[in-house]
>>> print(open('run11.cif').read())   # mmCIF, C-alpha atoms and all ligand atoms
data_target
loop_
_atom_site.group_PDB
_atom_site.id
_atom_site.type_symbol
_atom_site.label_atom_id
_atom_site.label_comp_id
_atom_site.auth_asym_id
_atom_site.auth_seq_id
_atom_site.Cartn_x
_atom_site.Cartn_y
_atom_site.Cartn_z
ATOM 1 C CA MET A 21 53.116 43.913 10.914
ATOM 2 C CA ASP A 22 53.363 40.177 10.481
ATOM 3 C CA TYR A 23 51.583 39.731 7.145
ATOM 4 C CA LYS A 24 49.718 36.449 6.662
ATOM 5 C CA HIS A 25 47.567 37.301 3.685
ATOM 6 C CA LEU A 26 49.656 39.760 1.706
ATOM 7 C CA LYS A 27 52.667 38.910 -0.409
ATOM 8 C CA PHE A 28 54.697 41.738 -1.801
ATOM 9 C CA GLU A 29 57.775 42.428 -3.839
ATOM 10 C CA LYS A 30 59.231 45.915 -3.953
ATOM 11 C CA ARG A 31 61.452 46.458 -6.968
ATOM 12 C CA ASN A 32 64.276 48.967 -7.298
ATOM 13 C CA ASP A 33 62.423 50.918 -9.978
ATOM 14 C CA GLY A 34 59.586 51.724 -7.543
ATOM 15 C CA VAL A 35 57.140 49.074 -8.820
ATOM 16 C CA MET A 36 55.476 47.318 -5.879
ATOM 17 C CA ILE A 37 53.758 44.024 -6.644
ATOM 18 C CA LEU A 38 51.124 43.248 -4.036
ATOM 19 C CA LYS A 39 49.220 39.971 -3.904
ATOM 20 C CA ILE A 40 46.188 39.217 -1.751
ATOM 21 C CA SER A 41 46.696 35.660 -0.634
ATOM 22 C CA ARG A 42 43.893 33.686 0.959
ATOM 23 C CA VAL A 43 43.580 31.127 -1.766
ATOM 24 C CA GLU A 44 41.451 28.623 0.201
ATOM 25 C CA ALA A 45 38.632 31.221 0.331
ATOM 26 C CA LEU A 46 39.254 32.681 -3.147
ATOM 27 C CA ASN A 47 40.951 35.665 -1.442
ATOM 28 C CA ALA A 48 37.714 36.765 0.262
ATOM 29 C CA LEU A 49 38.139 39.798 2.499
ATOM 30 C CA ASN A 50 37.913 38.770 6.137
ATOM 31 C CA LYS A 51 38.928 41.102 8.993
ATOM 32 C CA SER A 52 42.488 39.898 8.914
ATOM 33 C CA VAL A 53 42.918 40.639 5.171
ATOM 34 C CA LEU A 54 41.237 44.033 5.594
ATOM 35 C CA ASN A 55 43.518 44.841 8.558
ATOM 36 C CA GLU A 56 46.642 43.911 6.643
ATOM 37 C CA LEU A 57 45.609 45.933 3.603
ATOM 38 C CA SER A 58 44.740 48.935 5.790
ATOM 39 C CA TYR A 59 48.077 48.710 7.563
ATOM 40 C CA PHE A 60 49.944 48.340 4.288
ATOM 41 C CA PHE A 61 48.367 51.341 2.575
ATOM 42 C CA ASN A 62 48.412 53.585 5.670
ATOM 43 C CA SER A 63 51.998 52.795 6.609
ATOM 44 C CA THR A 64 53.333 53.341 3.078
ATOM 45 C CA MET A 65 51.193 56.383 2.206
ATOM 46 C CA ASN A 66 53.543 59.095 0.831
ATOM 47 C CA ASP A 67 56.514 56.700 0.682
ATOM 48 C CA CYS A 68 58.112 58.129 -2.459
ATOM 49 C CA SER A 69 60.119 54.988 -3.096
ATOM 50 C CA ILE A 70 56.822 53.350 -4.128
ATOM 51 C CA ARG A 71 55.919 54.822 -7.498
ATOM 52 C CA VAL A 72 53.184 52.412 -8.547
ATOM 53 C CA VAL A 73 51.457 49.355 -7.098
ATOM 54 C CA VAL A 74 50.280 46.322 -9.068
ATOM 55 C CA LEU A 75 47.529 44.622 -7.068
ATOM 56 C CA THR A 76 46.492 41.078 -7.887
ATOM 57 C CA GLY A 77 45.090 37.923 -6.314
ATOM 58 C CA ASP A 78 47.007 34.790 -5.426
ATOM 59 C CA GLY A 79 46.023 31.554 -7.152
ATOM 60 C CA GLU A 80 44.492 31.038 -10.551
ATOM 61 C CA LYS A 81 40.807 31.488 -9.814
ATOM 62 C CA SER A 82 40.236 34.737 -8.044
ATOM 63 C CA PHE A 83 41.235 38.341 -7.577
ATOM 64 C CA VAL A 84 38.932 38.761 -4.555
ATOM 65 C CA ALA A 85 35.609 36.856 -4.265
ATOM 66 C CA GLY A 86 34.102 39.567 -2.074
ATOM 67 C CA ALA A 87 33.791 40.243 1.605
ATOM 68 C CA ASP A 88 33.901 37.083 3.704
ATOM 69 C CA ILE A 89 30.287 35.900 3.834
ATOM 70 C CA LYS A 90 30.973 33.405 6.645
ATOM 71 C CA GLU A 91 32.345 36.203 8.817
ATOM 72 C CA MET A 92 29.639 38.679 7.826
ATOM 73 C CA TYR A 93 26.458 36.712 8.201
ATOM 74 C CA ASN A 94 26.122 37.082 11.979
ATOM 75 C CA LEU A 95 26.801 40.827 12.132
ATOM 76 C CA ASN A 96 24.207 42.982 13.892
ATOM 77 C CA LEU A 97 23.201 46.508 12.856
ATOM 78 C CA SER A 98 26.041 48.425 14.487
ATOM 79 C CA GLU A 99 28.643 45.807 13.556
ATOM 80 C CA SER A 100 27.552 45.844 9.911
ATOM 81 C CA VAL A 101 27.731 49.647 9.757
ATOM 82 C CA SER A 102 31.199 49.726 11.310
ATOM 83 C CA PHE A 103 32.291 46.892 8.988
ATOM 84 C CA ALA A 104 31.094 48.885 5.969
ATOM 85 C CA LYS A 105 32.803 52.059 7.255
ATOM 86 C CA TYR A 106 36.057 50.174 7.851
ATOM 87 C CA GLY A 107 35.995 48.768 4.312
ATOM 88 C CA GLN A 108 35.087 52.146 2.833
ATOM 89 C CA LYS A 109 37.957 53.801 4.732
ATOM 90 C CA LEU A 110 40.405 51.272 3.327
ATOM 91 C CA LEU A 111 39.150 51.734 -0.226
ATOM 92 C CA LEU A 112 39.293 55.529 0.157
ATOM 93 C CA SER A 113 42.901 55.307 1.333
ATOM 94 C CA MET A 114 43.675 53.256 -1.774
ATOM 95 C CA TYR A 115 41.800 55.721 -3.994
ATOM 96 C CA ASN A 116 43.768 58.607 -2.458
ATOM 97 C CA TYR A 117 47.095 56.722 -2.268
ATOM 98 C CA HIS A 118 49.978 58.845 -3.523
ATOM 99 C CA ALA A 119 50.974 56.327 -6.203
ATOM 100 C CA PRO A 120 48.698 54.794 -8.835
ATOM 101 C CA ILE A 121 47.354 51.311 -8.153
ATOM 102 C CA VAL A 122 46.914 49.000 -11.131
ATOM 103 C CA ALA A 123 44.463 46.151 -10.517
ATOM 104 C CA ALA A 124 45.383 42.951 -12.357
ATOM 105 C CA VAL A 125 42.129 40.999 -12.067
ATOM 106 C CA ASN A 126 42.943 37.320 -12.469
ATOM 107 C CA GLY A 127 39.543 35.668 -11.908
ATOM 108 C CA TYR A 128 36.583 36.505 -9.680
ATOM 109 C CA ALA A 129 36.155 40.158 -8.667
ATOM 110 C CA LEU A 130 32.828 39.975 -6.864
ATOM 111 C CA GLY A 131 31.122 42.277 -4.395
ATOM 112 C CA GLY A 132 33.804 43.836 -2.188
ATOM 113 C CA GLY A 133 36.421 42.467 -4.616
ATOM 114 C CA PHE A 134 34.823 44.326 -7.509
ATOM 115 C CA GLU A 135 34.706 47.433 -5.302
ATOM 116 C CA MET A 136 38.387 47.001 -4.531
ATOM 117 C CA ALA A 137 39.227 46.835 -8.245
ATOM 118 C CA LEU A 138 37.052 49.900 -8.854
ATOM 119 C CA CYS A 139 38.993 51.997 -6.348
ATOM 120 C CA CYS A 140 42.230 51.245 -8.217
ATOM 121 C CA ASP A 141 43.344 53.714 -10.877
ATOM 122 C CA VAL A 142 43.548 51.326 -13.820
ATOM 123 C CA ILE A 143 42.050 47.856 -14.262
ATOM 124 C CA PHE A 144 43.478 45.073 -16.429
ATOM 125 C CA ALA A 145 42.001 41.583 -16.522
ATOM 126 C CA SER A 146 42.682 38.096 -17.794
ATOM 127 C CA LYS A 147 40.148 36.443 -20.091
ATOM 128 C CA ASN A 148 38.785 34.317 -17.228
ATOM 129 C CA ALA A 149 38.031 37.357 -15.033
ATOM 130 C CA ARG A 150 34.449 37.671 -13.826
ATOM 131 C CA PHE A 151 32.841 40.789 -12.354
ATOM 132 C CA GLY A 152 29.629 41.245 -10.450
ATOM 133 C CA PHE A 153 27.745 42.417 -7.406
ATOM 134 C CA PRO A 154 25.988 39.319 -5.960
ATOM 135 C CA GLU A 155 24.951 41.226 -2.810
ATOM 136 C CA VAL A 156 21.236 41.291 -3.674
ATOM 137 C CA THR A 157 21.316 37.479 -3.874
ATOM 138 C CA LEU A 158 22.531 37.508 -0.253
ATOM 139 C CA GLY A 159 19.973 39.948 1.126
ATOM 140 C CA ILE A 160 22.278 42.958 1.270
ATOM 141 C CA ILE A 161 23.553 45.716 -1.028
ATOM 142 C CA PRO A 162 27.137 46.659 -1.932
ATOM 143 C CA GLY A 163 28.678 48.192 1.175
ATOM 144 C CA PHE A 164 32.160 49.290 0.171
ATOM 145 C CA GLY A 165 31.047 52.050 -2.191
ATOM 146 C CA GLY A 166 29.824 49.971 -5.149
ATOM 147 C CA THR A 167 26.550 51.836 -5.645
ATOM 148 C CA GLN A 168 28.380 55.170 -5.659
ATOM 149 C CA VAL A 169 31.502 54.338 -7.619
ATOM 150 C CA LEU A 170 30.083 52.059 -10.324
ATOM 151 C CA ARG A 171 27.412 54.625 -11.266
ATOM 152 C CA ARG A 172 30.100 57.240 -11.787
ATOM 153 C CA LEU A 173 32.066 54.881 -14.006
ATOM 154 C CA VAL A 174 29.464 53.136 -16.161
ATOM 155 C CA GLY A 175 26.428 55.393 -15.788
ATOM 156 C CA GLU A 176 23.120 54.856 -14.020
ATOM 157 C CA LYS A 177 21.621 52.235 -16.347
ATOM 158 C CA ASN A 178 24.614 49.900 -16.484
ATOM 159 C CA ALA A 179 25.174 50.266 -12.723
ATOM 160 C CA LYS A 180 21.550 49.352 -12.047
ATOM 161 C CA TYR A 181 21.745 46.535 -14.611
ATOM 162 C CA LEU A 182 24.549 44.892 -12.638
ATOM 163 C CA ILE A 183 23.667 45.734 -9.037
ATOM 164 C CA LEU A 184 19.913 44.961 -9.248
ATOM 165 C CA SER A 185 20.377 41.573 -10.918
ATOM 166 C CA GLY A 186 23.530 40.277 -9.238
ATOM 167 C CA GLU A 187 24.557 39.055 -12.704
ATOM 168 C CA ILE A 188 28.196 38.056 -13.084
ATOM 169 C CA ILE A 189 29.706 39.303 -16.318
ATOM 170 C CA SER A 190 32.732 38.315 -18.391
ATOM 171 C CA ALA A 191 35.891 40.351 -18.880
ATOM 172 C CA GLU A 192 34.696 41.160 -22.420
ATOM 173 C CA ASP A 193 31.410 42.589 -21.111
ATOM 174 C CA ALA A 194 33.270 44.580 -18.433
ATOM 175 C CA TYR A 195 35.538 45.906 -21.177
ATOM 176 C CA ARG A 196 32.511 46.982 -23.208
ATOM 177 C CA MET A 197 31.196 48.852 -20.154
ATOM 178 C CA ASN A 198 34.486 50.763 -19.878
ATOM 179 C CA ILE A 199 35.409 49.115 -16.580
ATOM 180 C CA LEU A 200 38.666 47.719 -17.962
ATOM 181 C CA SER A 201 41.530 49.030 -20.032
ATOM 182 C CA LYS A 202 42.927 45.732 -21.337
ATOM 183 C CA ILE A 203 42.218 41.998 -21.448
ATOM 184 C CA TYR A 204 45.026 39.429 -21.535
ATOM 185 C CA GLU A 205 44.825 35.836 -22.709
ATOM 186 C CA ASN A 206 45.965 34.306 -19.402
ATOM 187 C CA GLN A 207 47.208 35.133 -15.906
ATOM 188 C CA ALA A 208 50.914 35.153 -16.779
ATOM 189 C CA ASP A 209 50.339 37.609 -19.622
ATOM 190 C CA LEU A 210 48.101 39.703 -17.359
ATOM 191 C CA VAL A 211 50.709 40.090 -14.630
ATOM 192 C CA ALA A 212 53.483 40.717 -17.170
ATOM 193 C CA GLY A 213 51.279 43.295 -18.953
ATOM 194 C CA ALA A 214 50.380 45.059 -15.711
ATOM 195 C CA ILE A 215 54.037 45.195 -14.664
ATOM 196 C CA ASN A 216 55.053 46.460 -18.084
ATOM 197 C CA TYR A 217 52.466 49.244 -17.802
ATOM 198 C CA ALA A 218 53.564 49.976 -14.210
ATOM 199 C CA GLU A 219 57.177 50.357 -15.397
ATOM 200 C CA LYS A 220 56.051 53.167 -17.697
ATOM 201 C CA ILE A 221 54.454 54.983 -14.762
ATOM 202 C CA ALA A 222 57.527 54.400 -12.591
ATOM 203 C CA LYS A 223 59.728 56.160 -15.145
ATOM 204 C CA ASN A 224 57.648 59.340 -15.024
ATOM 205 C CA SER A 225 57.978 62.198 -12.586
ATOM 206 C CA PRO A 226 56.379 60.832 -9.378
ATOM 207 C CA LYS A 227 55.019 64.256 -8.415
ATOM 208 C CA SER A 228 53.432 64.711 -11.862
ATOM 209 C CA VAL A 229 51.830 61.286 -11.621
ATOM 210 C CA GLU A 230 50.581 61.944 -8.089
ATOM 211 C CA LEU A 231 49.100 65.339 -8.905
ATOM 212 C CA ALA A 232 47.557 64.136 -12.181
ATOM 213 C CA LYS A 233 45.855 61.323 -10.259
ATOM 214 C CA ARG A 234 44.640 63.808 -7.653
ATOM 215 C CA ALA A 235 43.319 66.236 -10.285
ATOM 216 C CA ILE A 236 41.326 63.462 -11.992
ATOM 217 C CA ASN A 237 39.988 62.176 -8.660
ATOM 218 C CA VAL A 238 38.694 65.572 -7.529
ATOM 219 C CA SER A 239 37.062 66.205 -10.925
ATOM 220 C CA PHE A 240 34.121 64.046 -9.765
ATOM 221 C CA ASP A 241 33.303 66.573 -7.037
ATOM 222 C CA LEU A 242 33.947 69.850 -8.854
ATOM 223 C CA SER A 243 32.280 71.918 -11.547
ATOM 224 C CA LEU A 244 34.365 72.235 -14.729
ATOM 225 C CA GLU A 245 35.279 75.793 -13.764
ATOM 226 C CA ARG A 246 36.486 74.819 -10.277
ATOM 227 C CA GLY A 247 38.214 71.745 -11.678
ATOM 228 C CA LEU A 248 40.154 73.844 -14.172
ATOM 229 C CA GLU A 249 41.134 76.234 -11.379
ATOM 230 C CA TYR A 250 42.372 73.292 -9.300
ATOM 231 C CA GLU A 251 44.251 71.859 -12.286
ATOM 232 C CA SER A 252 46.066 75.149 -12.930
ATOM 233 C CA SER A 253 47.085 75.441 -9.271
ATOM 234 C CA LEU A 254 48.623 71.934 -9.391
ATOM 235 C CA PHE A 255 50.236 72.790 -12.729
ATOM 236 C CA GLY A 256 51.871 75.799 -11.040
ATOM 237 C CA VAL A 257 53.091 73.712 -8.102
ATOM 238 C CA LEU A 258 54.976 71.432 -10.487
ATOM 239 C CA PHE A 259 56.988 74.414 -11.766
ATOM 240 C CA THR A 260 58.536 74.654 -8.296
ATOM 241 C CA THR A 261 59.983 71.125 -8.536
ATOM 242 C CA ASP A 262 63.412 69.887 -9.620
ATOM 243 C CA ASP A 263 61.729 67.193 -11.678
ATOM 244 C CA GLN A 264 60.025 69.760 -13.921
ATOM 245 C CA LYS A 265 63.431 71.378 -14.569
ATOM 246 C CA GLU A 266 65.002 67.964 -15.157
ATOM 247 C CA GLY A 267 62.180 66.794 -17.478
ATOM 248 C CA MET A 268 62.332 69.869 -19.686
ATOM 249 C CA ARG A 269 66.140 70.135 -19.591
ATOM 250 C CA ALA A 270 66.404 66.488 -20.668
ATOM 251 C CA PHE A 271 64.114 67.195 -23.621
ATOM 252 C CA VAL A 272 66.264 70.135 -24.716
ATOM 253 C CA GLU A 273 69.472 68.103 -24.234
ATOM 254 C CA LYS A 274 67.961 65.149 -26.148
ATOM 255 C CA ARG A 275 68.387 62.633 -23.341
ATOM 256 C CA LYS A 276 66.138 60.640 -21.044
ATOM 257 C CA ALA A 277 65.023 62.429 -17.892
ATOM 258 C CA GLU A 278 66.011 61.033 -14.530
ATOM 259 C CA PHE A 279 63.367 61.945 -12.017
ATOM 260 C CA LYS A 280 64.197 61.994 -8.320
ATOM 261 C CA GLY A 281 60.765 62.917 -7.016
ATOM 262 C CA ASN A 282 61.809 66.372 -5.771
HETATM 263 N N1 LIG A 301 33.274 34.563 1.521
HETATM 264 C C1 LIG A 301 33.699 33.480 2.202
HETATM 265 N N2 LIG A 301 34.128 32.348 1.584
HETATM 266 C C2 LIG A 301 34.135 32.332 0.246
HETATM 267 C C3 LIG A 301 33.690 33.441 -0.524
HETATM 268 C C4 LIG A 301 33.255 34.620 0.172
HETATM 269 N N3 LIG A 301 32.886 35.727 -0.450
HETATM 270 N N4 LIG A 301 33.804 33.117 -1.821
HETATM 271 C C5 LIG A 301 34.277 31.869 -1.857
HETATM 272 N N5 LIG A 301 34.494 31.398 -0.622
HETATM 273 C C6 LIG A 301 35.000 30.084 -0.232
HETATM 274 C C7 LIG A 301 33.943 29.006 -0.410
HETATM 275 O O1 LIG A 301 33.051 28.985 0.698
HETATM 276 C C8 LIG A 301 34.791 27.760 -0.499
HETATM 277 O O2 LIG A 301 35.212 27.419 0.796
HETATM 278 P P1 LIG A 301 35.068 25.901 1.351
HETATM 279 O O3 LIG A 301 33.653 25.533 1.174
HETATM 280 O O4 LIG A 301 35.996 25.107 0.445
HETATM 281 O O5 LIG A 301 35.532 25.969 2.763
HETATM 282 C C9 LIG A 301 36.020 28.260 -1.254
HETATM 283 O O6 LIG A 301 36.026 29.681 -1.116
HETATM 284 C C10 LIG A 301 35.968 27.929 -2.740
HETATM 285 O O7 LIG A 301 34.731 28.415 -3.243
HETATM 286 P P2 LIG A 301 33.716 27.507 -4.087
HETATM 287 O O8 LIG A 301 33.866 26.069 -3.749
HETATM 288 O O9 LIG A 301 32.368 28.117 -3.945
HETATM 289 O O10 LIG A 301 34.284 27.737 -5.571
HETATM 290 P P3 LIG A 301 33.466 27.661 -6.924
HETATM 291 O O11 LIG A 301 34.489 27.711 -8.009
HETATM 292 O O12 LIG A 301 32.488 26.548 -6.921
HETATM 293 O O13 LIG A 301 32.604 29.028 -6.963
HETATM 294 C C11 LIG A 301 32.302 31.420 -6.673
HETATM 295 C C12 LIG A 301 33.280 30.260 -7.020
HETATM 296 C C13 LIG A 301 33.104 32.715 -6.585
HETATM 297 C C14 LIG A 301 31.270 31.546 -7.793
HETATM 298 C C15 LIG A 301 31.577 31.081 -5.339
HETATM 299 O O14 LIG A 301 32.583 30.761 -4.371
HETATM 300 C C16 LIG A 301 30.790 32.228 -4.816
HETATM 301 O O15 LIG A 301 29.660 32.464 -5.284
HETATM 302 N N6 LIG A 301 31.328 32.920 -3.814
HETATM 303 C C17 LIG A 301 30.647 34.025 -3.180
HETATM 304 C C18 LIG A 301 30.768 35.239 -4.044
HETATM 305 C C19 LIG A 301 30.008 36.407 -3.478
HETATM 306 O O16 LIG A 301 28.779 36.309 -3.274
HETATM 307 N N7 LIG A 301 30.718 37.502 -3.237
HETATM 308 C C20 LIG A 301 30.121 38.693 -2.724
HETATM 309 C C21 LIG A 301 30.215 38.620 -1.242
HETATM 310 S S1 LIG A 301 29.249 39.900 -0.523
HETATM 311 C C22 LIG A 301 28.600 45.686 3.529
HETATM 312 C C23 LIG A 301 29.965 45.575 3.496
HETATM 313 C C24 LIG A 301 30.563 44.893 2.493
HETATM 314 C C25 LIG A 301 29.810 44.266 1.539
HETATM 315 C C26 LIG A 301 28.444 44.371 1.587
HETATM 316 C C27 LIG A 301 27.841 45.092 2.570
HETATM 317 N N8 LIG A 301 27.949 46.350 4.597
HETATM 318 C C28 LIG A 301 28.369 45.969 5.917
HETATM 319 C C29 LIG A 301 26.755 47.076 4.339
HETATM 320 C C30 LIG A 301 30.404 43.403 0.584
HETATM 321 C C31 LIG A 301 29.718 42.272 0.296
HETATM 322 C C32 LIG A 301 30.267 41.219 -0.469
HETATM 323 O O17 LIG A 301 31.346 41.280 -1.000
#
>>> encode(input="run11.cif", output="structure tokens")
Amino acid sequence: MDYKHLKFEKRNDGVMILKISRVEALNALNKSVLNELSYFFNSTMNDCSIRVVVLTGDGEKSFVAGADIKEMYNLNLSESVSFAKYGQKLLLSMYNYHAPIVAAVNGYALGGGFEMALCCDVIFASKNARFGFPEVTLGIIPGFGGTQVLRRLVGEKNAKYLILSGEIISAEDAYRMNILSKIYENQADLVAGAINYAEKIAKNSPKSVELAKRAINVSFDLSLERGLEYESSLFGVLFTTDDQKEGMRAFVEKRKAEFKGN
């Protein structure tokens, strides 16, 4: 694919830095950006050489300022439903991606941009980050899973507080609502901090990381009993891997483990 709106750097340690780049529209998600993201995540799904992705926005103002309003406003009923399904499919493929995705939110994360951050595994932000669902101010509702995902994360009352008002909140408020893990003073520190965190993930056993992510993801759909059953089956699977032998042998031999992903 000839990427126009994605910039990426794949490092030898398995850290992939991915930047959404449509700066003139604050990185709003038009069809072309959505297509490129879908292609990227589908074509690299299960590529073991990617151990973690850091996702951020190009420019200093915005992570993603939402779905492209100028492209959306003329959609009819069937087009709007297929648009929503397309976006939801992309976000699901990111949610289920084999490697963790760390969102480094460097400015506006609004509407579809907030939903994109929410489908990542960990969210960091710079002090100037702003989060919100302005959809109700546009005559629509969140369409890429916001009503479903935010409620699970922050609870019914906080989800309604944000989605019903369209209020845009600061990074500090998002942190208080448990949306974020860390706030950095500025964009440079944010990206450095996200990469530093990603390096820690990249050093771990890729299979352990993948299965831990999967176990946490399915916990939303399972009773505790079923979830524990699922967890123990994944735990057992890891005992069939070389990396489990390597990890435990390295501990006994007092050296650092070198995981190959087998
Ligand atoms: N779409 C298209 N263009 C956008 C945009 C967006 N979401 N956000 C910003 N831009 C463009 C602006 O139009 C402007 O372009 P020009 O006028 O220069 O050509 C450029 O980016 C710079 O923006 P501003 O001049 O407005 O910059 P400011 O610093 O003054 O303001 C802002 C920044 C983020 C506060 C403001 O741009 C803004 O309010 N933007 C819109 C934010 C927003 O409402 N986002 C949510 C979009 S709705 C669904 C599927 C999906 C969704 C919903 C339903 N179904 C089909 C059911 C998702 C919906 C959304 O995400």
>>> resolve_selection(input="run11.cif", expression="the PyMOL selection byres (((chain A and resi 35) around 8) and not hetatm)", output="count of residues only")
16
>>> resolve_selection(input="run11.cif", expression="the PyMOL selection byres (((not hetatm)) within 7 of (chain A and resi 301))", output="list in words")
Glu44, Ala45, Leu46, Ala48, Ala85, Gly86, Ala87, Asp88, Ile89, Lys90, Ser100, Val101, Phe103, Ala104, Gly107, Tyr128, Leu130, Gly131, Gly132, Gly133, Phe153, Pro154, Glu155, Ile160, Ile161, Pro162, Gly163 and Phe164 of chain A
>>> closest_residue(input="run11.cif", among="A:Ala270, A:Ile40, A:Val122, A:Leu258", to="Asn282 of chain A", atoms="only C-alpha atoms")
A:Leu258
>>> residues_around(input="run11.cif", residues="Ala277 of chain A", least_positions_apart="2", cutoff="9 Å", atoms="all atoms listed in the file", output="ChimeraX atom specification")
/A:223-225,263,266-271,275,279
>>> residues_around(input="run11.cif", residues="Leu231 of chain A", least_positions_apart="3", cutoff="12 Å", atoms="all atoms listed in the file", output="list in words")
Asn116, Tyr117, His118, Ala119, Pro120, Ser225, Pro226, Lys227, Ser228, Arg234, Ala235, Ile236, Asn237, Val238, Tyr250, Glu251, Ser252, Ser253, Leu254, Phe255, Gly256, Val257 and Leu258 of chain A
>>> closest_residue(input="run11.cif", among="A:Arg42, A:Lys109, A:Lys81, A:Lys202", to="Tyr59 of chain A", atoms="all atoms listed in the file")
A:Lys109
>>> closest_residue(input="run11.cif", among="A:Ser113, A:Phe83, A:Lys147, A:Tyr23", to="Asn206 of chain A", atoms="all atoms listed in the file")
A:Lys147
>>> closest_residue(input="run11.cif", among="A:Met114, A:Leu57, A:Val84, A:Leu38", to="Ala214 of chain A", atoms="all atoms listed in the file")
A:Leu38
>>> axis_aligned_box(input="run11.cif", around="segment 120-127 of chain A", padding_each_side="8 Å", output="JSON")
{"center_x": 44.1, "center_y": 45.2, "center_z": -10.3, "size_x": 25.2, "size_y": 35.1, "size_z": 20.3}
>>> closest_residue(input="run11.cif", among="A:Leu210, A:Val174, A:Met197, A:Val169", to="Ala149 of chain A", atoms="only C-alpha atoms")
A:Leu210
>>> residues_around(input="run11.cif", residues="Val43 of chain A", least_positions_apart="5", cutoff="8 Å", atoms="only C-alpha atoms", output="PDB file with C-alpha atoms, in the frame of the given file")
ATOM      1  CA  ASP A  78      47.007  34.790  -5.426  1.00  0.00           C
ATOM      2  CA  GLY A  79      46.023  31.554  -7.152  1.00  0.00           C
ATOM      3  CA  SER A  82      40.236  34.737  -8.044  1.00  0.00           C
TER       4      SER A  82
END
>>> residues_around(input="run11.cif", residues="Gly152 of chain A", least_positions_apart="4", cutoff="12 Å", atoms="all atoms listed in the file", output="number ranges by chain")
A: 84-86, 127-135, 137-138, 156-157, 162, 166, 170, 178-191, 193-194, 199
>>> atom_distance(input="run11.cif", atom1="atom CA of Arg150 of chain A", atom2="atom CA of Glu29 of chain A")
25.8 Å
>>> atom_distance(input="run11.cif", atom1="atom CA of Ser239 of chain A", atom2="atom CA of Arg172 of chain A")
11.4 Å
